[in-house]
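Shown next: model.txt, given as compact mmCIF, C-alpha atoms.
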```txt
# COMPACT_ATOMS: atom_id res chain seq x y z
CA MET A 18 6.74 36.01 -6.45
CA THR A 19 6.70 32.84 -8.54
CA ARG A 20 7.38 29.65 -6.55
CA ARG A 21 8.92 26.57 -8.12
CA VAL A 22 7.47 23.09 -7.52
CA VAL A 23 9.04 19.94 -8.96
CA PHE A 24 7.10 16.74 -9.61
CA THR A 25 10.00 14.27 -9.59
CA ASP A 26 8.23 11.26 -11.14
CA HIS A 27 4.73 10.10 -11.97
CA THR A 28 2.66 7.85 -14.25
CA PHE A 29 0.27 10.48 -15.64
CA ASP A 30 -0.19 11.69 -19.20
CA ASN A 31 0.04 15.32 -18.12
CA LEU A 32 -0.06 17.49 -15.00
CA SER A 33 -3.26 19.39 -15.74
CA ILE A 34 -4.84 18.51 -12.39
CA GLU A 35 -1.83 19.76 -10.45
CA ARG A 36 -1.56 22.92 -12.55
CA GLU A 37 -5.20 23.77 -11.94
CA ILE A 38 -4.56 23.74 -8.21
CA LEU A 39 -1.13 25.42 -8.19
CA ASP A 40 -1.42 28.00 -10.98
CA PRO A 41 -3.65 30.36 -8.94
CA ILE A 42 -0.86 30.83 -6.37
CA ASP A 43 1.74 31.62 -9.05
CA VAL A 44 3.62 28.31 -9.15
CA GLU A 45 5.95 27.12 -11.89
CA LEU A 46 5.37 23.37 -11.99
CA VAL A 47 8.35 21.43 -13.33
CA ASP A 48 7.69 17.95 -14.75
CA GLY A 49 10.60 15.73 -13.73
CA GLU A 50 9.51 13.07 -16.20
CA ALA A 51 10.33 15.50 -19.03
CA SER A 52 13.82 16.35 -17.71
CA ASP A 53 17.17 14.57 -17.96
CA GLU A 54 18.68 16.60 -15.14
CA PRO A 55 20.05 14.72 -12.10
CA LEU A 56 17.61 14.73 -9.21
CA THR A 57 19.69 17.02 -7.01
CA GLU A 58 19.97 19.58 -9.81
CA LEU A 59 16.28 19.31 -10.62
CA LEU A 60 15.34 19.99 -7.01
CA ARG A 61 17.77 22.84 -6.50
CA ASP A 62 15.90 25.97 -5.31
CA ALA A 63 12.54 24.14 -5.39
CA ASP A 64 9.95 25.53 -3.00
CA GLY A 65 7.95 22.32 -3.05
CA VAL A 66 8.37 18.72 -4.15
CA LEU A 67 5.77 16.25 -5.39
CA VAL A 68 7.07 12.68 -5.46
CA MET A 69 5.62 9.32 -6.41
CA TYR A 70 8.27 6.57 -6.36
CA GLU A 71 11.59 8.43 -6.40
CA GLN A 72 13.78 7.96 -3.32
CA ILE A 73 14.06 11.18 -1.36
CA ASP A 74 16.75 10.14 1.10
CA ALA A 75 18.81 12.11 3.59
CA ASP A 76 21.46 13.02 0.99
CA VAL A 77 18.81 14.50 -1.30
CA ILE A 78 17.07 16.29 1.56
CA ASP A 79 20.36 17.85 2.72
CA GLU A 80 20.40 19.76 -0.57
CA LEU A 81 16.79 20.97 -0.34
CA SER A 82 15.50 24.37 0.71
CA CYS A 83 11.84 23.58 0.08
CA ARG A 84 8.86 23.93 2.40
CA VAL A 85 7.13 20.61 1.64
CA ILE A 86 7.67 17.14 0.21
CA SER A 87 4.28 15.80 -0.87
CA ARG A 88 4.16 12.05 -1.40
CA THR A 89 1.62 11.13 -4.07
CA GLY A 90 0.37 8.04 -2.26
CA ILE A 91 -0.16 6.58 1.21
CA GLY A 92 3.21 5.12 2.16
CA VAL A 93 6.13 7.44 2.87
CA ASP A 94 8.88 4.81 3.05
CA ASN A 95 10.65 6.44 0.08
CA VAL A 96 11.08 9.71 2.01
CA ASP A 97 13.49 10.10 4.93
CA ILE A 98 11.05 11.68 7.36
CA ASP A 99 13.62 12.18 10.11
CA ALA A 100 15.95 14.08 7.78
CA ALA A 101 13.08 16.23 6.50
CA THR A 102 11.92 16.99 10.03
CA GLU A 103 15.42 18.03 11.09
CA ARG A 104 15.41 20.58 8.26
CA GLY A 105 11.89 21.79 9.08
CA ILE A 106 10.39 20.41 5.86
CA TYR A 107 6.80 19.24 5.89
CA VAL A 108 6.25 15.68 4.68
CA THR A 109 2.70 14.93 3.55
CA ASN A 110 0.83 12.00 2.04
CA VAL A 111 -2.71 11.08 1.00
CA PRO A 112 -3.83 8.34 3.40
CA ASP A 113 -7.50 8.16 2.44
CA TYR A 114 -7.70 8.26 -1.36
CA CYS A 115 -7.98 4.54 -2.22
CA ILE A 116 -9.74 2.89 0.70
CA ALA A 117 -12.45 1.46 -1.55
CA GLU A 118 -10.00 0.26 -4.20
CA VAL A 119 -7.50 -1.46 -1.89
CA SER A 120 -10.20 -3.14 0.16
CA ASP A 121 -11.90 -4.32 -3.07
CA HIS A 122 -8.56 -5.61 -4.37
CA THR A 123 -7.91 -7.49 -1.13
CA LEU A 124 -11.25 -9.22 -1.49
CA ALA A 125 -10.56 -9.94 -5.16
CA LEU A 126 -7.32 -11.70 -4.24
CA LEU A 127 -9.11 -13.72 -1.57
CA LEU A 128 -11.89 -14.77 -3.93
CA GLY A 129 -9.44 -15.51 -6.72
CA LEU A 130 -7.51 -17.85 -4.45
CA GLN A 131 -10.39 -19.46 -2.59
CA ARG A 132 -12.58 -19.97 -5.65
CA LYS A 133 -9.59 -20.94 -7.84
CA VAL A 134 -10.57 -18.36 -10.45
CA VAL A 135 -7.12 -18.11 -12.05
CA THR A 136 -6.61 -21.89 -11.97
CA TYR A 137 -9.92 -22.55 -13.71
CA HIS A 138 -9.38 -19.78 -16.26
CA GLU A 139 -5.95 -21.07 -17.24
CA GLN A 140 -7.28 -24.62 -17.45
CA VAL A 141 -10.16 -23.66 -19.74
CA GLU A 142 -7.86 -21.45 -21.82
CA ASN A 143 -5.67 -24.52 -22.35
CA GLY A 144 -8.62 -26.55 -23.65
CA GLU A 145 -9.41 -28.40 -20.43
CA TRP A 146 -12.73 -28.59 -18.62
CA ASP A 147 -12.23 -30.17 -15.21
CA VAL A 148 -14.05 -29.10 -12.05
CA MET A 149 -11.74 -31.33 -10.03
CA ALA A 150 -8.76 -29.10 -10.84
CA GLY A 151 -9.97 -26.55 -8.29
CA ARG A 152 -10.35 -28.90 -5.36
CA PRO A 153 -10.15 -28.58 -2.46
CA MET A 154 -11.91 -25.28 -1.95
CA HIS A 155 -13.93 -24.02 0.99
CA ARG A 156 -16.85 -21.67 1.53
CA LEU A 157 -15.97 -18.34 3.14
CA ASP A 158 -18.97 -18.35 5.46
CA GLY A 159 -17.88 -19.23 8.98
CA ARG A 160 -14.15 -19.09 8.29
CA THR A 161 -11.66 -16.84 10.12
CA PHE A 162 -10.16 -13.71 8.57
CA ALA A 163 -7.22 -12.07 10.37
CA LEU A 164 -6.24 -8.41 9.92
CA VAL A 165 -2.73 -7.17 10.64
CA GLY A 166 -3.46 -3.56 11.53
CA PHE A 167 -6.87 -1.94 11.84
CA GLY A 168 -6.77 1.39 10.07
CA ALA A 169 -9.21 2.72 7.50
CA ILE A 170 -8.45 0.16 4.77
CA ALA A 171 -8.51 -2.78 7.20
CA ARG A 172 -11.88 -1.59 8.53
CA ALA A 173 -13.26 -1.49 4.98
CA VAL A 174 -11.94 -5.00 4.36
CA ALA A 175 -13.56 -6.19 7.59
CA GLU A 176 -16.96 -4.91 6.51
CA LYS A 177 -16.67 -6.62 3.13
CA VAL A 178 -15.55 -10.03 4.36
CA GLN A 179 -18.18 -9.93 7.12
CA ALA A 180 -20.76 -9.67 4.34
CA PHE A 181 -19.49 -13.09 3.21
CA GLY A 182 -20.11 -14.44 6.71
CA MET A 183 -16.48 -14.55 7.81
CA ASP A 184 -15.43 -14.16 11.44
CA VAL A 185 -12.95 -11.27 11.64
CA ARG A 186 -10.26 -10.61 14.17
CA ALA A 187 -7.55 -7.94 14.21
CA HIS A 188 -4.35 -6.96 15.96
CA ASP A 189 -3.31 -3.32 16.16
CA PRO A 190 -1.02 -2.27 19.02
CA TYR A 191 -2.08 1.36 18.59
CA LEU A 192 -5.77 0.71 19.27
CA SER A 193 -7.60 -0.46 22.36
CA ASP A 194 -9.60 -3.67 22.34
CA GLU A 195 -12.76 -1.62 22.72
CA GLU A 196 -12.03 0.40 19.58
CA ILE A 197 -11.69 -2.82 17.59
CA ARG A 198 -14.79 -4.41 19.12
CA GLU A 199 -16.84 -1.34 18.23
CA ALA A 200 -16.37 -2.34 14.56
CA GLY A 201 -17.72 -5.83 15.23
CA VAL A 202 -14.23 -7.34 15.11
CA GLU A 203 -12.55 -9.49 17.74
CA PRO A 204 -9.24 -8.07 19.00
CA ALA A 205 -6.20 -10.36 19.16
CA PRO A 206 -3.64 -9.59 21.88
CA ASP A 207 -0.63 -10.44 19.70
CA LEU A 208 0.35 -11.63 16.23
CA GLN A 209 0.68 -15.26 17.27
CA THR A 210 -2.90 -15.33 18.52
CA LEU A 211 -4.06 -13.44 15.43
CA PHE A 212 -2.57 -15.97 13.01
CA THR A 213 -3.41 -19.14 14.95
CA ASP A 214 -5.85 -21.22 12.87
CA ALA A 215 -6.61 -18.26 10.58
CA ASP A 216 -8.06 -19.16 7.19
CA ALA A 217 -6.90 -15.87 5.66
CA ALA A 218 -4.57 -13.17 6.94
CA SER A 219 -4.37 -9.72 5.37
CA VAL A 220 -1.67 -7.10 5.94
CA HIS A 221 -2.66 -3.44 6.38
CA VAL A 222 0.20 -1.63 8.10
CA PRO A 223 2.86 0.77 6.77
CA LEU A 224 6.39 -0.39 6.08
CA THR A 225 8.68 0.80 8.87
CA GLU A 226 11.69 -0.65 10.64
CA GLU A 227 9.21 -1.96 13.20
CA THR A 228 7.06 -3.77 10.62
CA ARG A 229 9.76 -5.05 8.25
CA GLY A 230 9.52 -8.86 8.28
CA LEU A 231 6.58 -8.64 10.69
CA VAL A 232 4.86 -11.67 9.15
CA GLY A 233 7.37 -14.47 9.17
CA GLU A 234 7.95 -18.15 9.81
CA ARG A 235 6.24 -18.25 13.21
CA GLU A 236 3.08 -16.48 12.07
CA LEU A 237 2.70 -18.47 8.85
CA ALA A 238 3.18 -21.79 10.64
CA ALA A 239 0.30 -20.91 12.99
CA MET A 240 -2.26 -20.58 10.16
CA ASN A 241 -4.57 -23.29 8.90
CA SER A 242 -2.92 -25.31 6.15
CA SER A 243 -5.81 -24.28 3.89
CA GLY A 244 -5.20 -20.60 4.64
CA TYR A 245 -4.12 -17.71 2.43
CA VAL A 246 -1.86 -14.72 3.06
CA LEU A 247 -2.84 -11.41 1.45
CA ASN A 248 -0.69 -8.30 1.20
CA THR A 249 -1.87 -5.07 -0.42
CA ALA A 250 0.21 -2.85 1.88
CA ARG A 251 3.97 -2.87 1.25
CA GLY A 252 6.54 -5.43 0.21
CA GLY A 253 8.89 -6.34 3.03
CA ILE A 254 6.24 -6.64 5.73
CA VAL A 255 5.79 -10.30 4.77
CA ASP A 256 9.08 -12.20 4.86
CA GLU A 257 9.20 -13.55 1.30
CA ALA A 258 11.69 -16.33 2.07
CA ALA A 259 9.51 -17.50 4.95
CA LEU A 260 6.46 -17.35 2.68
CA VAL A 261 8.13 -19.55 0.06
CA ASP A 262 9.12 -22.03 2.77
CA ALA A 263 5.59 -22.07 4.21
CA LEU A 264 4.10 -22.77 0.78
CA ASP A 265 6.59 -25.54 0.05
CA ALA A 266 6.02 -27.10 3.48
CA GLY A 267 2.23 -27.05 2.99
CA GLU A 268 1.75 -24.80 6.02
CA ILE A 269 -0.49 -22.51 3.95
CA ALA A 270 -2.40 -23.03 0.70
CA GLY A 271 -1.47 -19.86 -1.17
CA ALA A 272 -0.90 -16.12 -1.23
CA GLY A 273 -2.30 -13.05 -2.96
CA LEU A 274 0.28 -10.28 -3.23
CA ASP A 275 0.01 -6.83 -4.77
CA VAL A 276 3.38 -5.79 -3.37
CA LEU A 277 6.87 -7.29 -3.18
CA VAL A 278 10.25 -6.23 -1.82
CA ASP A 279 11.56 -5.69 -5.34
CA GLU A 280 9.12 -4.44 -7.96
CA PRO A 281 9.00 -5.81 -10.55
CA PRO A 282 10.35 -9.11 -9.24
CA ALA A 283 13.23 -10.87 -10.96
CA ASP A 284 12.31 -13.44 -13.61
CA ASP A 285 13.55 -16.23 -11.34
CA HIS A 286 11.72 -14.99 -8.23
CA PRO A 287 10.21 -18.14 -6.65
CA LEU A 288 6.81 -16.50 -6.16
CA ARG A 289 6.54 -15.24 -9.74
CA ARG A 290 5.35 -18.45 -11.36
CA ASP A 291 4.06 -20.37 -8.35
CA PRO A 292 0.53 -21.57 -9.24
CA ARG A 293 -0.48 -21.15 -5.59
CA VAL A 294 0.24 -17.43 -5.72
CA ILE A 295 -1.62 -14.57 -7.40
CA LEU A 296 0.57 -11.52 -8.08
CA THR A 297 -0.64 -8.11 -9.23
CA PRO A 298 1.71 -5.18 -10.07
CA HIS A 299 1.16 -2.87 -7.07
CA ALA A 300 -2.18 -1.93 -8.59
CA ALA A 301 -4.60 -2.22 -5.66
CA TRP A 302 -4.88 1.58 -5.41
CA ASN A 303 -5.77 2.11 -9.03
CA SER A 304 -9.03 3.43 -10.45
CA VAL A 305 -10.06 6.45 -12.49
CA GLU A 306 -11.63 8.01 -9.40
CA SER A 307 -8.78 7.26 -6.99
CA VAL A 308 -6.15 8.74 -9.30
CA VAL A 309 -8.02 12.05 -9.56
CA GLU A 310 -8.52 12.20 -5.80
CA LEU A 311 -4.87 11.33 -5.16
CA ARG A 312 -3.53 14.01 -7.46
CA GLU A 313 -5.87 16.71 -6.17
CA LYS A 314 -5.03 16.04 -2.53
CA ALA A 315 -1.27 15.74 -3.10
CA ALA A 316 -1.22 19.07 -4.95
CA THR A 317 -3.42 20.67 -2.30
CA ASN A 318 -0.88 19.61 0.34
CA VAL A 319 1.75 21.60 -1.55
CA ARG A 320 -0.52 24.60 -2.07
CA ASP A 321 -1.44 24.77 1.61
CA ALA A 322 2.20 24.56 2.72
CA LEU A 323 3.29 27.30 0.31
CA GLU A 324 0.43 29.50 1.48
CA GLY A 325 1.64 29.24 5.08
CA GLU A 326 -1.00 26.77 6.21
CA VAL A 327 -0.48 23.41 7.91
CA PRO A 328 -1.38 20.74 5.32
CA THR A 329 -4.28 18.49 6.20
CA TYR A 330 -2.27 15.33 5.65
CA LEU A 331 0.91 16.25 7.49
CA VAL A 332 3.01 13.22 8.46
CA ASN A 333 5.65 14.86 10.68
CA ARG A 334 3.08 16.60 12.81
CA GLU A 335 5.66 17.77 15.33
CA LEU A 336 6.46 20.57 12.88
CA ALA A 337 2.95 21.96 13.37
CA GLU A 338 3.30 22.23 17.14
```
Give the structure from the file, written as structure tokens.
Amino acid sequence: MTRRVVFTDHTFDNLSIEREILDPIDVELVDGEASDEPLTELLRDADGVLVMYEQIDADVIDELSCRVISRTGIGVDNVDIDAATERGIYVTNVPDYCIAEVSDHTLALLLGLQRKVVTYHEQVENGEWDVMAGRPMHRLDGRTFALVGFGAIARAVAEKVQAFGMDVRAHDPYLSDEEIREAGVEPAPDLQTLFTDADAASVHVPLTEETRGLVGERELAAMNSSGYVLNTARGGIVDEAALVDALDAGEIAGAGLDVLVDEPPADDHPLRRDPRVILTPHAAWNSVESVVELREKAATNVRDALEGEVPTYLVNRELAE
């Protein structure tokens, strides 16, 4: 019997990778990007759903009869997991496809800010040649790097900044101090301790109701005034209004953000043209290699679910019990 899988939205030229994985189990793969149908109509009678950015909320899920919703990415904040679980629908993601890319991007933002790469480039591009324009700047060796969360990406970041001689500390309420110390990182008992006198702080937690606005006025005020805030996780974890206030008050020196609450930001967003801020368009995950891995694993999640197996990257694991 032919099963129907809908890919609601994506940024790919074609779906050849997904078809290669799903065709052998007799799947009709519907490309939502090529359809003008409303989402609820498109998903009607679907056996599986692949989704990138589309919002799959409770109202959408109430109309579904599928076996699996496979998020093509790490975060699942665009899928109502509780609603899916209530209906017995697997929700999956791909949590390990871009560890190298996101950790590299985090370091790129740090170096861009600390070494004033963008400032110098823009100055030279405008016909100027002034080493003083980048001052003050500090060496990374011996400075303190704080990690909010200590999952796979944060661990990769820790290894990379340690190679620059930075002292790393981390706070993760889901890990013991010993687990953090085993990675050569100093555990912080709470966020306030983590941020106190930090020279850089990097966010690596998912966006949930618990983490929304997690980094705010109190945390930013505790940092060194020469410090930088980095976020390659999700917009909304860093309180953007508090960040603007901290920059304007001189409580921190700058920020490197790959994610914002609203993407793209409005033209008049105060962070958009702030020379102390480097913004990139939610691109930390991107590389030729990561995209292939992402697509293969997301499609495999669907294949496994349709074949009666428990997907490797199941988010609502209570459904497997």
Per-axis box centre and lengths in Å around region 239-242 of chain A, 6 Å margin per side, axis-aligned, as JSON:
```
{"center_x": -2.1, "center_y": -22.9, "center_z": 9.6, "size_x": 16.9, "size_y": 16.7, "size_z": 18.8}
```
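Residue nearest Phe181 (chain A), chosen from A:Gly144, A:Glu306, A:Leu127, A:Gly168 and counting all atoms listed in the file: A:Leu127.
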- prompt: Between A:Gly271, A:Leu124, A:Gln209, A:His155, which has the minimum distance to Gln179 (chain A) (counting all atoms listed in the file)?
  reply: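 Smallest separation from Gln179 (chain A) among the options: A:Leu124.
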message: Just checking: using all atoms listed in the file, which residue out of A:Ala51, A:Ile42, A:Val23, A:Ile116 ends up closest to Gly65 (chain A)?
response: A:Val23
field: Length of the CA of Glu139 (chain A) to CA of Arg152 (chain A) vector [Å]
entry: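 It comes out at 14.9 Å.
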Computed interatomic separation between CA of Asn318 (chain A) and CA of Ala169 (chain A) (Å): 20.1 Å
- request: Would you list the residues near (-18.2, -1.3, 2.3) (no more than 12 Å away, in the coordinates of the file, using only C-alpha atoms) as a ChimeraX atom specification?
  value: /A:116-121,124,169-181
